[in-house]
Number of protein chains: 2
Amino acid sequence: MVSYTEENYLKAIFKLSEKNKEEISTNAIAESLAVKAGSVTDMLKKLAEKGLIHYTPYSGVELTGQGRQTAVKIVRKHRLWEVFLVEKLGFRWDQVHPMAEELEHIDFDELIERLDVFLGNPKFDPHGDPIPDEKGEFQPSESIRLSEADTGQRLQMIGLENHTTAFLQYLDKKELALGSRIAIVEVAPFDKSLTITIDGDRQVHISHEVAKNILVAVKES
Amino acid sequence: MVSYTEENYLKAIFKLSEKNKEEISTNAIAESLAVKAGSVTDMLKKLAEKGLIHYTPYSGVELTGQGRQTAVKIVRKHRLWEVFLVEKLGFRWDQVHPMAEELEHIDFDELIERLDVFLGNPKFDPHGDPIPDEKGEFQPSESIRLSEADTGQRLQMIGLENHTTAFLQYLDKKELALGSRIAIVEVAPFDKSLTITIDGDRQVHISHEVAKNILVAVKES
DNA sequence: TCTAAATTTTAGGCTTATCTAAATTATTAT
DNA sequence: ATAATAATTTAGATAAGCCTAAAATTTAGA
């Protein structure tokens with residue numbers, strides 16, 4: 001049995017591992033869960049005893065196969081529920097995270113699989129993040145940051161590196177959505193800010209910082 | 001803030017009050033939550049401090065207005081999710097209780113109201129139990145036990161007094177479902193068992209015990 | 001390289017929700 | 001009316017998760 005809290009630790013470790021590749025520090029986990037470092041140490045010992053992580057004091061932490069499997073399943077549930085909330089209940093993409101954060105802990109295999117079917121086996125959530133399949137496999141997608149693309153390339157917005165409400169609402173205001181076709185018109189040499197066209201017509205200006213947080217696929221041209 | 005566990009106590013007290021009308025005993029609560037009486041006493045003190053119940057030691061318990069409101073909201077969520085699971089995900093009515101038992105604790109007002117709309121503002125759950133509205137009002141429905149109906153009356157099955165999986169599956173086997181039109185052909189004097197017709201054709205035999213647990217509406221004839 | 005700073009762990013406490021066993025109060029039967 | 005029984009509450013423990021403060025370890029700077 002993996003408790004609600006243990007699940008959140010595993011998910012946090014998984015997400016940190018995705019970003020940083022290296023071993024995950026106690027402090028990083030503490031920060032991401034808004035708890036104190038001492039609490040994290042306690043939990044790491046427990047998770048290690050349960051065989052969900054490899055833990056060597058002072059040296060960091062890594063998920064075991066079983067730990068990763070547990071974490072990925074939670075991510076799967078989270079993202080499926082987000083699709084449900086947006087596609088079926090009509091929520092906006094910036095509203096669904098807190099609800100999915102609760103729904104993800106409900107654990108009935110048949111519920112997940114029926115939900116998946118009901119939603120049409122979606123491969124990406126409303127923010128463009130991939131939804132792992134029942135076996136925990138992610139569909140790999142080739143994406144680069146918009147800040148790293150070249151002028152003239154045909155691009156399509158397929159994901160985000162930042163999921164804060166503020167950022168999502170900013171994109172809404174600029175009418176930048178997943179699936180938008182983007183072309184870079186010009187990069188300002190001074191601050192690397194970009195002028196882009198969206199869906200072939202509207203022209204908008206965005207900062208380098210924003211462009212770093214937008215993931216695009218490069219389309220054949 | 002009402003914790004997950006406190007919610008379950010309030011719901012248990014509410015359900016016992018529905019059935020028994022009288023004051024609710026510590027033991028009854030303990031039994032329905034599968035905990036020991038001593039644990040119940042602890043919790044009753046806490047709920048009383050929070051103003052959710054009226055509690056006098058040794059004399060029983062009653063929900064306050066606020067306590068009832070909290071309990072009814074949980075019931076509303078439970079039953080809406082049951083409708084979702086059956087109508088949208090295709091579960092059978094005997095499968096959904098444990099899932100709804102978890103989903104009912106997820107508390108976002110907008111989620112509930114959007115789910116309600118998505119489901120078409122259902123007034124009854126898959127077992128025929130009424131779904132309270134946002135204000136906590138139940139739509140009253142006139143029902144009697146099948147065991148109390150008379151031969152010759154036109155009846156319609158609209159609810160159940162027993163929600164165990166075994167009973168639900170028994171009804172499935174007899175092809176008795178909510179909405180079935182029922183007429184009593186004969187009541188055996190010896191054991192009060194009934195011969196009934198279902199939807200005008202099929203004739204089945206059921207025990208008095210089963211008939212006591214089926215709620216029917218008497219239709220004008 | 002060795003000391004100062006940063007990180008991590010340990011130790012001791014707190015809260016919530018549970019338990020068991022003992023003590024108290026209420027109910028029932030003679 | 002009172003003794004036996006049943007129900008309830010109290011007291012003392014336990015486990016999970018969190019905290020703060022002190023100790024230990026690692027890392028980094030001079």
# chains A, B, ... in the order shown; residues from 1 in each chain; ligands from 1
>>> interface_residues(of="chain A", to="chain B", cutoff="9 Å", atoms="only C-alpha atoms", output="VMD selection string")
chain A and resid 85 88 to 91 99 102 to 103 106 to 108 111 114 to 115 117 to 118
>>> write_last_selection(atoms="N, CA, C and O atoms", output="PDB file, in the first residue's frame")
ATOM      1  N   LEU A  85     -11.528  17.028 -17.625  1.00  0.00           N
ATOM      2  CA  LEU A  85     -12.011  18.312 -17.102  1.00  0.00           C
ATOM      3  C   LEU A  85     -12.123  19.358 -18.198  1.00  0.00           C
ATOM      4  O   LEU A  85     -13.071  20.159 -18.222  1.00  0.00           O
ATOM      5  N   LYS A  88     -14.552  17.438 -21.434  1.00  0.00           N
ATOM      6  CA  LYS A  88     -15.930  17.053 -21.119  1.00  0.00           C
ATOM      7  C   LYS A  88     -16.645  18.077 -20.248  1.00  0.00           C
ATOM      8  O   LYS A  88     -17.839  18.311 -20.418  1.00  0.00           O
ATOM      9  N   LEU A  89     -15.922  18.652 -19.293  1.00  0.00           N
ATOM     10  CA  LEU A  89     -16.596  19.594 -18.395  1.00  0.00           C
ATOM     11  C   LEU A  89     -16.378  21.056 -18.790  1.00  0.00           C
ATOM     12  O   LEU A  89     -16.970  21.957 -18.192  1.00  0.00           O
ATOM     13  N   GLY A  90     -15.520  21.292 -19.771  1.00  0.00           N
ATOM     14  CA  GLY A  90     -15.382  22.653 -20.281  1.00  0.00           C
ATOM     15  C   GLY A  90     -14.543  23.596 -19.437  1.00  0.00           C
ATOM     16  O   GLY A  90     -14.648  24.815 -19.565  1.00  0.00           O
ATOM     17  N   PHE A  91     -13.685  23.050 -18.574  1.00  0.00           N
ATOM     18  CA  PHE A  91     -12.769  23.931 -17.839  1.00  0.00           C
ATOM     19  C   PHE A  91     -11.688  24.461 -18.773  1.00  0.00           C
ATOM     20  O   PHE A  91     -11.408  23.859 -19.811  1.00  0.00           O
ATOM     21  N   MET A  99      -7.544  20.318  -9.341  1.00  0.00           N
ATOM     22  CA  MET A  99      -8.521  19.220  -9.291  1.00  0.00           C
ATOM     23  C   MET A  99      -7.865  17.897  -9.655  1.00  0.00           C
ATOM     24  O   MET A  99      -8.074  16.876  -8.988  1.00  0.00           O
ATOM     25  N   GLU A 102      -5.972  16.069  -6.965  1.00  0.00           N
ATOM     26  CA  GLU A 102      -6.717  15.202  -6.054  1.00  0.00           C
ATOM     27  C   GLU A 102      -7.168  13.924  -6.762  1.00  0.00           C
ATOM     28  O   GLU A 102      -7.029  12.823  -6.242  1.00  0.00           O
ATOM     29  N   LEU A 103      -7.712  14.107  -7.947  1.00  0.00           N
ATOM     30  CA  LEU A 103      -8.254  12.958  -8.678  1.00  0.00           C
ATOM     31  C   LEU A 103      -7.178  11.904  -8.959  1.00  0.00           C
ATOM     32  O   LEU A 103      -7.470  10.707  -9.013  1.00  0.00           O
ATOM     33  N   ILE A 106      -6.950   8.637  -6.837  1.00  0.00           N
ATOM     34  CA  ILE A 106      -8.005   7.624  -6.817  1.00  0.00           C
ATOM     35  C   ILE A 106      -7.565   6.458  -7.676  1.00  0.00           C
ATOM     36  O   ILE A 106      -7.213   6.625  -8.839  1.00  0.00           O
ATOM     37  N   ASP A 107      -7.557   5.277  -7.064  1.00  0.00           N
ATOM     38  CA  ASP A 107      -6.857   4.184  -7.710  1.00  0.00           C
ATOM     39  C   ASP A 107      -7.728   2.957  -7.937  1.00  0.00           C
ATOM     40  O   ASP A 107      -7.854   2.096  -7.070  1.00  0.00           O
ATOM     41  N   PHE A 108      -8.336   2.923  -9.080  1.00  0.00           N
ATOM     42  CA  PHE A 108      -9.080   1.741  -9.517  1.00  0.00           C
ATOM     43  C   PHE A 108      -8.702   1.526 -10.983  1.00  0.00           C
ATOM     44  O   PHE A 108      -9.011   2.366 -11.838  1.00  0.00           O
ATOM     45  N   LEU A 111     -11.329   1.957 -13.577  1.00  0.00           N
ATOM     46  CA  LEU A 111     -11.764   3.353 -13.737  1.00  0.00           C
ATOM     47  C   LEU A 111     -10.837   4.093 -14.702  1.00  0.00           C
ATOM     48  O   LEU A 111     -11.286   4.774 -15.626  1.00  0.00           O
ATOM     49  N   ARG A 114     -11.307   2.728 -18.316  1.00  0.00           N
ATOM     50  CA  ARG A 114     -12.569   3.150 -18.937  1.00  0.00           C
ATOM     51  C   ARG A 114     -12.562   4.649 -19.237  1.00  0.00           C
ATOM     52  O   ARG A 114     -13.107   5.103 -20.242  1.00  0.00           O
ATOM     53  N   LEU A 115     -11.965   5.409 -18.338  1.00  0.00           N
ATOM     54  CA  LEU A 115     -11.863   6.854 -18.571  1.00  0.00           C
ATOM     55  C   LEU A 115     -11.051   7.110 -19.842  1.00  0.00           C
ATOM     56  O   LEU A 115     -11.419   7.921 -20.693  1.00  0.00           O
ATOM     57  N   VAL A 117     -10.650   5.184 -22.408  1.00  0.00           N
ATOM     58  CA  VAL A 117     -11.466   4.862 -23.584  1.00  0.00           C
ATOM     59  C   VAL A 117     -12.502   5.960 -23.830  1.00  0.00           C
ATOM     60  O   VAL A 117     -12.693   6.430 -24.951  1.00  0.00           O
ATOM     61  N   PHE A 118     -13.170   6.364 -22.756  1.00  0.00           N
ATOM     62  CA  PHE A 118     -14.206   7.407 -22.855  1.00  0.00           C
ATOM     63  C   PHE A 118     -13.654   8.682 -23.488  1.00  0.00           C
ATOM     64  O   PHE A 118     -14.334   9.373 -24.253  1.00  0.00           O
TER      65      PHE A 118
END
>>> residues_around(residues="range 17-30 of chain D", least_positions_apart="6", cutoff="10 Å", atoms="only C-alpha atoms (C1' of nucleotides)", output="list in words")
Thr5, Val35, Lys36, Gly38, Ser39, Val40, Asp42, Met43, Pro57, Tyr58 and Ser59 of chain A; DC2, DT3, DA4, DA5, DA6, DT7, DT8, DT9, DT10, DA11, DG12, DG13, DC14, DT15 and DT16 of chain C
>>> write_last_selection(atoms="C-alpha atoms (C1' of nucleotides)", output="mmCIF file, in the first residue's frame")
data_model
loop_
_atom_site.group_PDB
_atom_site.id
_atom_site.type_symbol
_atom_site.label_atom_id
_atom_site.label_comp_id
_atom_site.auth_asym_id
_atom_site.auth_seq_id
_atom_site.Cartn_x
_atom_site.Cartn_y
_atom_site.Cartn_z
ATOM 1 C CA THR A 5 1.597 11.282 0.886
ATOM 2 C CA VAL A 35 7.830 20.663 3.454
ATOM 3 C CA LYS A 36 11.011 20.844 5.510
ATOM 4 C CA GLY A 38 13.922 16.828 7.883
ATOM 5 C CA SER A 39 10.498 15.564 6.885
ATOM 6 C CA VAL A 40 11.865 14.507 3.532
ATOM 7 C CA ASP A 42 12.060 10.597 7.208
ATOM 8 C CA MET A 43 10.012 9.796 4.152
ATOM 9 C CA PRO A 57 22.236 9.108 3.043
ATOM 10 C CA TYR A 58 23.863 12.367 1.954
ATOM 11 C CA SER A 59 24.097 11.225 -1.613
ATOM 12 C "C1'" DC C 2 41.664 23.512 5.779
ATOM 13 C "C1'" DT C 3 37.965 26.314 7.362
ATOM 14 C "C1'" DA C 4 33.383 28.287 6.474
ATOM 15 C "C1'" DA C 5 29.090 27.566 4.405
ATOM 16 C "C1'" DA C 6 25.612 24.692 2.774
ATOM 17 C "C1'" DT C 7 23.227 20.461 2.917
ATOM 18 C "C1'" DT C 8 21.491 16.573 5.142
ATOM 19 C "C1'" DT C 9 20.378 13.801 8.964
ATOM 20 C "C1'" DT C 10 19.085 13.021 13.757
ATOM 21 C "C1'" DA C 11 16.512 13.829 17.915
ATOM 22 C "C1'" DG C 12 12.675 15.186 20.318
ATOM 23 C "C1'" DG C 13 7.826 16.970 19.835
ATOM 24 C "C1'" DC C 14 3.159 17.667 18.024
ATOM 25 C "C1'" DT C 15 -1.385 16.278 15.804
ATOM 26 C "C1'" DT C 16 -4.723 13.107 13.856
#
>>> select_by_dssp(residues="range 58-195 of chain B", states="helix (DSSP H, G or I)", output="PyMOL selection string")
chain B and resi 65-88+97-103+109-118+146-148+165-173
>>> interface_residues(of="chain D", to="chain B", cutoff="9 Å", atoms="only C-alpha atoms (C1' of nucleotides)", output="ChimeraX atom specification")
/D:7-10
>>> closest_residue(among="A:Tyr9, A:Leu44, A:Arg202, A:Arg181", to="chain C", atoms="only C-alpha atoms (C1' of nucleotides)")
A:Leu44
>>> interface_residues(of="chain C", to="chain B", cutoff="10 Å", atoms="only C-alpha atoms (C1' of nucleotides)", output="tab-separated table (two decimals) with all heavy atoms, in the first residue's frame")
chain	number	residue	atom	x	y	z
C	16	DT	P	-5.21	17.99	15.41
C	16	DT	OP1	-5.90	19.07	14.68
C	16	DT	OP2	-5.50	17.71	16.84
C	16	DT	O5'	-5.41	16.63	14.60
C	16	DT	C5'	-4.95	16.54	13.25
C	16	DT	C4'	-5.14	15.12	12.78
C	16	DT	O4'	-4.12	14.28	13.37
C	16	DT	C3'	-6.49	14.51	13.17
C	16	DT	O3'	-7.05	13.92	12.01
C	16	DT	C2'	-6.14	13.50	14.25
C	16	DT	C1'	-4.72	13.11	13.86
C	16	DT	N1	-3.81	12.60	14.93
C	16	DT	C2	-2.99	11.54	14.64
C	16	DT	O2	-2.96	10.99	13.55
C	16	DT	N3	-2.17	11.14	15.68
C	16	DT	C4	-2.11	11.68	16.94
C	16	DT	O4	-1.33	11.23	17.78
C	16	DT	C5	-3.01	12.79	17.18
C	16	DT	C7	-3.03	13.44	18.53
C	16	DT	C6	-3.81	13.19	16.18
C	17	DA	P	-8.61	13.49	11.98
C	17	DA	OP1	-9.09	13.71	10.61
C	17	DA	OP2	-9.32	14.10	13.12
C	17	DA	O5'	-8.50	11.93	12.24
C	17	DA	C5'	-7.77	11.12	11.32
C	17	DA	C4'	-7.54	9.76	11.94
C	17	DA	O4'	-6.55	9.86	12.98
C	17	DA	C3'	-8.77	9.12	12.59
C	17	DA	O3'	-9.00	7.84	12.02
C	17	DA	C2'	-8.41	9.03	14.06
C	17	DA	C1'	-6.91	8.94	13.98
C	17	DA	N9	-6.24	9.31	15.23
C	17	DA	C8	-6.55	10.33	16.08
C	17	DA	N7	-5.80	10.40	17.15
C	17	DA	C5	-4.92	9.34	16.98
C	17	DA	C6	-3.86	8.86	17.77
C	17	DA	N6	-3.49	9.41	18.93
C	17	DA	N1	-3.18	7.78	17.31
C	17	DA	C2	-3.54	7.23	16.14
C	17	DA	N3	-4.52	7.59	15.32
C	17	DA	C4	-5.18	8.67	15.80
C	18	DT	P	-10.33	7.06	12.28
C	18	DT	OP1	-10.70	6.50	10.97
C	18	DT	OP2	-11.28	7.87	13.04
C	18	DT	O5'	-9.87	5.87	13.25
C	18	DT	C5'	-9.17	4.78	12.76
C	18	DT	C4'	-8.16	4.26	13.76
C	18	DT	O4'	-7.49	5.32	14.47
C	18	DT	C3'	-8.69	3.43	14.92
C	18	DT	O3'	-9.16	2.18	14.48
C	18	DT	C2'	-7.43	3.32	15.75
C	18	DT	C1'	-6.76	4.69	15.52
C	18	DT	N1	-6.78	5.58	16.71
C	18	DT	C2	-5.84	5.36	17.68
C	18	DT	O2	-5.01	4.47	17.61
C	18	DT	N3	-5.89	6.22	18.75
C	18	DT	C4	-6.78	7.25	18.93
C	18	DT	O4	-6.73	7.96	19.93
C	18	DT	C5	-7.76	7.43	17.88
C	18	DT	C7	-8.80	8.52	17.98
C	18	DT	C6	-7.71	6.59	16.83
C	19	DC	P	-10.10	1.30	15.36
C	19	DC	OP1	-10.63	0.23	14.50
C	19	DC	OP2	-11.03	2.21	16.08
C	19	DC	O5'	-9.10	0.67	16.45
C	19	DC	C5'	-7.96	-0.05	16.01
C	19	DC	C4'	-7.09	-0.37	17.22
C	19	DC	O4'	-6.61	0.88	17.77
C	19	DC	C3'	-7.86	-1.03	18.35
C	19	DC	O3'	-7.64	-2.42	18.31
C	19	DC	C2'	-7.26	-0.43	19.61
C	19	DC	C1'	-6.51	0.78	19.17
C	19	DC	N1	-7.05	2.05	19.77
C	19	DC	C2	-6.44	2.55	20.92
C	19	DC	O2	-5.50	1.91	21.41
C	19	DC	N3	-6.91	3.70	21.47
C	19	DC	C4	-7.93	4.34	20.90
C	19	DC	N4	-8.35	5.48	21.48
C	19	DC	C5	-8.58	3.85	19.72
C	19	DC	C6	-8.11	2.70	19.19
C	20	DT	P	-8.56	-3.37	19.27
C	20	DT	OP1	-8.39	-4.73	18.74
C	20	DT	OP2	-9.90	-2.77	19.40
C	20	DT	O5'	-7.88	-3.28	20.71
C	20	DT	C5'	-6.49	-3.56	20.88
C	20	DT	C4'	-6.16	-3.40	22.36
C	20	DT	O4'	-6.29	-2.01	22.74
C	20	DT	C3'	-7.09	-4.19	23.27
C	20	DT	O3'	-6.30	-4.77	24.30
C	20	DT	C2'	-8.05	-3.15	23.82
C	20	DT	C1'	-7.17	-1.90	23.84
C	20	DT	N1	-7.90	-0.62	23.65
C	20	DT	C2	-7.62	0.43	24.50
C	20	DT	O2	-6.82	0.35	25.41
C	20	DT	N3	-8.34	1.58	24.24
C	20	DT	C4	-9.27	1.78	23.25
C	20	DT	O4	-9.83	2.86	23.13
C	20	DT	C5	-9.50	0.64	22.39
C	20	DT	C7	-10.49	0.75	21.28
C	20	DT	C6	-8.82	-0.48	22.63
C	25	DT	P	-19.88	8.51	36.16
C	25	DT	OP1	-19.77	9.97	35.98
C	25	DT	OP2	-20.02	7.90	37.50
C	25	DT	O5'	-21.10	8.01	35.25
C	25	DT	C5'	-21.12	8.37	33.88
C	25	DT	C4'	-22.17	7.56	33.19
C	25	DT	O4'	-21.82	6.17	33.21
C	25	DT	C3'	-23.55	7.65	33.82
C	25	DT	O3'	-24.39	8.22	32.85
C	25	DT	C2'	-23.90	6.21	34.18
C	25	DT	C1'	-23.00	5.43	33.24
C	25	DT	N1	-22.62	4.05	33.63
C	25	DT	C2	-22.90	3.02	32.77
C	25	DT	O2	-23.48	3.17	31.71
C	25	DT	N3	-22.48	1.78	33.21
C	25	DT	C4	-21.82	1.48	34.38
C	25	DT	O4	-21.49	0.35	34.64
C	25	DT	C5	-21.54	2.62	35.22
C	25	DT	C7	-20.83	2.39	36.51
C	25	DT	C6	-21.95	3.84	34.82
C	26	DA	P	-25.95	8.40	32.97
C	26	DA	OP1	-26.33	9.55	32.12
C	26	DA	OP2	-26.32	8.34	34.39
C	26	DA	O5'	-26.50	7.07	32.27
C	26	DA	C5'	-26.25	6.87	30.88
C	26	DA	C4'	-26.97	5.62	30.43
C	26	DA	O4'	-26.38	4.47	31.07
C	26	DA	C3'	-28.46	5.58	30.76
C	26	DA	O3'	-29.08	5.17	29.56
C	26	DA	C2'	-28.56	4.54	31.88
C	26	DA	C1'	-27.39	3.64	31.58
C	26	DA	N9	-26.75	2.96	32.70
C	26	DA	C8	-26.27	3.52	33.85
C	26	DA	N7	-25.69	2.66	34.67
C	26	DA	C5	-25.81	1.45	34.00
C	26	DA	C6	-25.41	0.15	34.33
C	26	DA	N6	-24.76	-0.16	35.45
C	26	DA	N1	-25.68	-0.82	33.45
C	26	DA	C2	-26.30	-0.52	32.31
C	26	DA	N3	-26.73	0.67	31.88
C	26	DA	C4	-26.45	1.62	32.79
>>> atom_distance(atom1="CA of Asp129 in chain A", atom2="CA of Asp109 in chain A")
21.4 Å
>>> residues_around(residues="Val86 in chain B", least_positions_apart="5", cutoff="10 Å", atoms="only C-alpha atoms (C1' of nucleotides)", output="ChimeraX atom specification")
/B:81,91-96,125-126
>>> decode(residues="range 105-127 of chain B", atoms="N, CA and C atoms", output="mmCIF file, in the first residue's frame")
data_model
loop_
_atom_site.group_PDB
_atom_site.id
_atom_site.type_symbol
_atom_site.label_atom_id
_atom_site.label_comp_id
_atom_site.auth_asym_id
_atom_site.auth_seq_id
_atom_site.Cartn_x
_atom_site.Cartn_y
_atom_site.Cartn_z
ATOM 1 N N HIS B 105 -15.053 12.694 -1.868
ATOM 2 C CA HIS B 105 -14.290 13.584 -0.988
ATOM 3 C C HIS B 105 -13.575 14.701 -1.739
ATOM 4 N N ILE B 106 -13.638 14.652 -3.044
ATOM 5 C CA ILE B 106 -12.976 15.706 -3.819
ATOM 6 C C ILE B 106 -13.885 16.913 -3.856
ATOM 7 N N ASP B 107 -13.354 18.042 -3.398
ATOM 8 C CA ASP B 107 -14.240 19.155 -3.103
ATOM 9 C C ASP B 107 -13.877 20.429 -3.863
ATOM 10 N N PHE B 108 -14.476 20.568 -5.025
ATOM 11 C CA PHE B 108 -14.373 21.803 -5.790
ATOM 12 C C PHE B 108 -15.782 22.105 -6.297
ATOM 13 N N ASP B 109 -16.333 23.190 -5.796
ATOM 14 C CA ASP B 109 -17.733 23.485 -6.130
ATOM 15 C C ASP B 109 -17.981 23.493 -7.632
ATOM 16 N N GLU B 110 -17.058 24.110 -8.368
ATOM 17 C CA GLU B 110 -17.310 24.216 -9.800
ATOM 18 C C GLU B 110 -17.259 22.847 -10.477
ATOM 19 N N LEU B 111 -16.415 21.971 -9.953
ATOM 20 C CA LEU B 111 -16.366 20.619 -10.506
ATOM 21 C C LEU B 111 -17.715 19.920 -10.339
ATOM 22 N N ILE B 112 -18.269 20.017 -9.149
ATOM 23 C CA ILE B 112 -19.559 19.351 -8.903
ATOM 24 C C ILE B 112 -20.633 19.913 -9.825
ATOM 25 N N GLU B 113 -20.682 21.235 -9.913
ATOM 26 C CA GLU B 113 -21.770 21.834 -10.684
ATOM 27 C C GLU B 113 -21.622 21.555 -12.177
ATOM 28 N N ARG B 114 -20.378 21.539 -12.656
ATOM 29 C CA ARG B 114 -20.178 21.213 -14.073
ATOM 30 C C ARG B 114 -20.481 19.745 -14.348
ATOM 31 N N LEU B 115 -20.120 18.908 -13.402
ATOM 32 C CA LEU B 115 -20.422 17.481 -13.562
ATOM 33 C C LEU B 115 -21.935 17.296 -13.621
ATOM 34 N N ASP B 116 -22.633 17.986 -12.732
ATOM 35 C CA ASP B 116 -24.097 17.922 -12.693
ATOM 36 C C ASP B 116 -24.685 18.288 -14.059
ATOM 37 N N VAL B 117 -24.201 19.389 -14.613
ATOM 38 C CA VAL B 117 -24.692 19.829 -15.922
ATOM 39 C C VAL B 117 -24.346 18.797 -16.998
ATOM 40 N N PHE B 118 -23.096 18.335 -16.964
ATOM 41 C CA PHE B 118 -22.634 17.350 -17.949
ATOM 42 C C PHE B 118 -23.517 16.105 -17.949
ATOM 43 N N LEU B 119 -24.001 15.746 -16.774
ATOM 44 C CA LEU B 119 -24.816 14.536 -16.651
ATOM 45 C C LEU B 119 -26.297 14.810 -16.917
ATOM 46 N N GLY B 120 -26.622 16.082 -17.174
ATOM 47 C CA GLY B 120 -28.016 16.419 -17.454
ATOM 48 C C GLY B 120 -28.855 16.610 -16.194
ATOM 49 N N ASN B 121 -28.217 17.111 -15.127
ATOM 50 C CA ASN B 121 -28.908 17.367 -13.858
ATOM 51 C C ASN B 121 -29.796 16.201 -13.411
ATOM 52 N N PRO B 122 -29.172 15.054 -13.249
ATOM 53 C CA PRO B 122 -29.953 13.874 -12.857
ATOM 54 C C PRO B 122 -30.553 14.066 -11.468
ATOM 55 N N LYS B 123 -31.724 13.510 -11.258
ATOM 56 C CA LYS B 123 -32.383 13.645 -9.945
ATOM 57 C C LYS B 123 -32.222 12.383 -9.097
ATOM 58 N N PHE B 124 -31.804 11.295 -9.748
ATOM 59 C CA PHE B 124 -31.640 10.033 -9.022
ATOM 60 C C PHE B 124 -30.364 9.337 -9.477
ATOM 61 N N ASP B 125 -29.753 8.610 -8.566
ATOM 62 C CA ASP B 125 -28.534 7.886 -8.927
ATOM 63 C C ASP B 125 -28.900 6.510 -9.491
ATOM 64 N N PRO B 126 -27.911 5.719 -9.888
ATOM 65 C CA PRO B 126 -28.223 4.445 -10.551
ATOM 66 C C PRO B 126 -28.985 3.453 -9.676
ATOM 67 N N HIS B 127 -29.046 3.709 -8.371
ATOM 68 C CA HIS B 127 -29.798 2.810 -7.491
ATOM 69 C C HIS B 127 -31.150 3.393 -7.119
#
